[in-house]
Structures are given as C-alpha cells and as structure tokens.
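Peer 1: Following this message is one structure expressed as structure tokens.
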Amino acid sequence: QVQLVESGGGLVQPGGSLRLSCAASGIIFSMNPAGWYRQAPGKERELVARVTSRYSTNYADAVNGRFTISRANYKNTVDLQMNSLKPEDTAVYYCWLGSDGMDYWGKGTLVTVSS
C-alpha cells in the first residue's frame, strides 16, 4: 500500500520561507516521478513542481525562481523549499507520486501566507 505523508506546513508572513517534506512508503520511490501540487480555496488543484527519477525538474511559472524541489531517494523523500512566499501561495499542498499510470496523493498540508 502506497502512502505519502506530508509535513512542514503552517503560517508564515509574506516574504518568509517554509520547507515541506513528503515521505513515501510502500513503493520503489527511486524509480518514479514525484512532486507537489496545491489547491487554493475555490480553485482547482494545480502543479507546483515535479522531479523525475533522473532528477529533472519543472516548475509552475508562478513559483519558478522562488521554490526548489528536491528528492532524496535513500530516504524516500521529496521536499519543497519555498522562499519569498506571497499571500497568493496560500493553499493546501499535496505530495504526488506517479507509477505505472497511477497517481498517488498525500492528504495535504496547509500553507498560509499572511501578516
């Protein structure tokens, strides 16, 4: 059974930083792409960043240059370093992993950017 567990969300002021972490179990993590999506109130879930099994990355335009995704296969984790946070980054952030045409999701962690 695949499980993805996120941690690291919380309340931060505009311009601040947060680091999200996702721990995977029940799957050969190193062979699969992983990433982060987010869903703001009243909006659809959207891609934030993804990293392939070969460490190639892509980012949404809205976060490019501010967020950095990384993976540590020896720990089965994928992290998202978020800098220069803006109020519009407020959302529930979901960890994602793709395998054999299946999408696996964590339960999400809330990030609130507010003064």
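We label chains A, B, ... in the order they appear in the structure tokens, count residues from 1 in each chain, and number ligands from 1 in the order shown.
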What's the 12 Å shell around Leu18 of chain A, counting only C-alpha atoms, without same-chain residues fewer than 2 positions away, as an MDAnalysis selection string?

Peer 2: chainID A and resid 7:16 20:21 66:68 79:86 89:90 93 109:113

Peer 1: Give me the residues near Tyr55 of chain A as a list in words, where near means some atom within 9 Å (using only C-alpha atoms) and where sequence neighbours in that chain fewer than 4 positions away do not count.

Peer 2: Pro33, Val51, Ser70 and Arg71 of chain A

Peer 1: How about saving the chosen residues, N, CA, C and O atoms kept, as an mmCIF file, in the first residue's frame?

Peer 2:
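Resulting contents of out-v3.cif:
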```cif
data_model
loop_
_atom_site.group_PDB
_atom_site.id
_atom_site.type_symbol
_atom_site.label_atom_id
_atom_site.label_comp_id
_atom_site.auth_asym_id
_atom_site.auth_seq_id
_atom_site.Cartn_x
_atom_site.Cartn_y
_atom_site.Cartn_z
ATOM 1 N N PRO A 33 8.504 9.409 -10.816
ATOM 2 C CA PRO A 33 8.471 10.860 -10.664
ATOM 3 C C PRO A 33 7.676 11.233 -9.420
ATOM 4 O O PRO A 33 6.774 10.489 -8.990
ATOM 5 N N VAL A 51 9.669 16.423 -10.054
ATOM 6 C CA VAL A 51 11.041 15.951 -10.265
ATOM 7 C C VAL A 51 10.965 14.510 -10.753
ATOM 8 O O VAL A 51 10.251 13.689 -10.180
ATOM 9 N N SER A 70 13.350 19.005 -4.401
ATOM 10 C CA SER A 70 14.477 18.085 -4.322
ATOM 11 C C SER A 70 13.983 16.726 -3.844
ATOM 12 O O SER A 70 12.958 16.640 -3.169
ATOM 13 N N ARG A 71 14.723 15.701 -4.193
ATOM 14 C CA ARG A 71 14.374 14.357 -3.737
ATOM 15 C C ARG A 71 15.606 13.676 -3.160
ATOM 16 O O ARG A 71 16.731 13.934 -3.611
#
```

Peer 1: Any chance you could list, as number ranges by chain, the residues in chain A that come up strand (DSSP E or B) when DSSP is run on the backbone?

Peer 2: A: 3-7, 10-12, 18-25, 34-39, 46-51, 57-59, 64, 67-72, 77-82, 91-99, 102-105, 109-113

Peer 1: Counting only C-alpha atoms, which residue out of A:Asp61, A:Val92, A:Gly101, A:Thr77 sits closest to Lys43 of chain A?

Peer 2: A:Val92

Peer 1: Name all residues at most 10 Å from Gly108 of chain A (count only C-alpha atoms; drop same-chain ones fewer than 6 positions away) and give them as a ChimeraX atom specification.

Peer 2: /A:4-7,9,22,36-39,91-96

Peer 1: Take the selection from the previous step and output its residues with C-alpha atoms, as a PDB file, in the first residue's frame.

Peer 2:
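And here's selection_12.pdb as it stands now:
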```
ATOM      1  CA  LEU A   4       2.607   9.652   1.147  1.00  0.00           C
ATOM      2  CA  VAL A   5       2.846  11.732   4.308  1.00  0.00           C
ATOM      3  CA  GLU A   6       3.451  15.468   4.142  1.00  0.00           C
ATOM      4  CA  SER A   7       4.855  17.699   6.859  1.00  0.00           C
ATOM      5  CA  GLY A   9       3.054  23.418   6.546  1.00  0.00           C
ATOM      6  CA  CYS A  22       6.917  14.204   1.906  1.00  0.00           C
ATOM      7  CA  TRP A  36       3.945  18.880  -5.293  1.00  0.00           C
ATOM      8  CA  TYR A  37       0.575  20.291  -6.252  1.00  0.00           C
ATOM      9  CA  ARG A  38      -1.559  22.840  -4.466  1.00  0.00           C
ATOM     10  CA  GLN A  39      -5.190  23.806  -4.205  1.00  0.00           C
ATOM     11  CA  ALA A  91      -3.178  26.716  -0.335  1.00  0.00           C
ATOM     12  CA  VAL A  92      -3.260  23.104   0.702  1.00  0.00           C
ATOM     13  CA  TYR A  93      -0.127  21.495  -0.696  1.00  0.00           C
ATOM     14  CA  TYR A  94      -0.285  17.864  -1.804  1.00  0.00           C
ATOM     15  CA  CYS A  95       2.541  15.458  -2.370  1.00  0.00           C
ATOM     16  CA  TRP A  96       2.227  13.418  -5.583  1.00  0.00           C
TER      17      TRP A  96
END
```

Peer 1: Write out as a PDB file with C-alpha atoms, in the first residue's frame which residues come within 6 Å of Arg50 of chain A when counting only C-alpha atoms, dropping same-chain ones fewer than 2 positions away.

Peer 2:
```
ATOM      1  CA  ALA A  34       7.321  12.853  -7.646  1.00  0.00           C
ATOM      2  CA  GLY A  35       6.152  16.349  -6.975  1.00  0.00           C
ATOM      3  CA  THR A  57      12.685  19.299 -12.585  1.00  0.00           C
ATOM      4  CA  ASN A  58       9.920  21.564 -13.801  1.00  0.00           C
TER       5      ASN A  58
END
```

Peer 1: Looking at A:Ala40, A:Met31, A:Ala62, A:Ala72, which one is nearest to Leu97 of chain A, with distances taken over only C-alpha atoms?

Peer 2: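 Closest to Leu97 of chain A, using only C-alpha atoms: A:Met31.
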
Peer 1: For the atom pair atom CA of Ile28 of chain A and atom CA of Ala60 of chain A, what is the interatomic distance in Å to one decimal place?

Peer 2: 26.2 Å

Peer 1: Which neighbours of Val2 of chain A fall inside 6 Å, counting only C-alpha atoms, when residues of the same chain fewer than 2 positions from it are skipped, and could you give them as a count of residues only?

Peer 2: 3
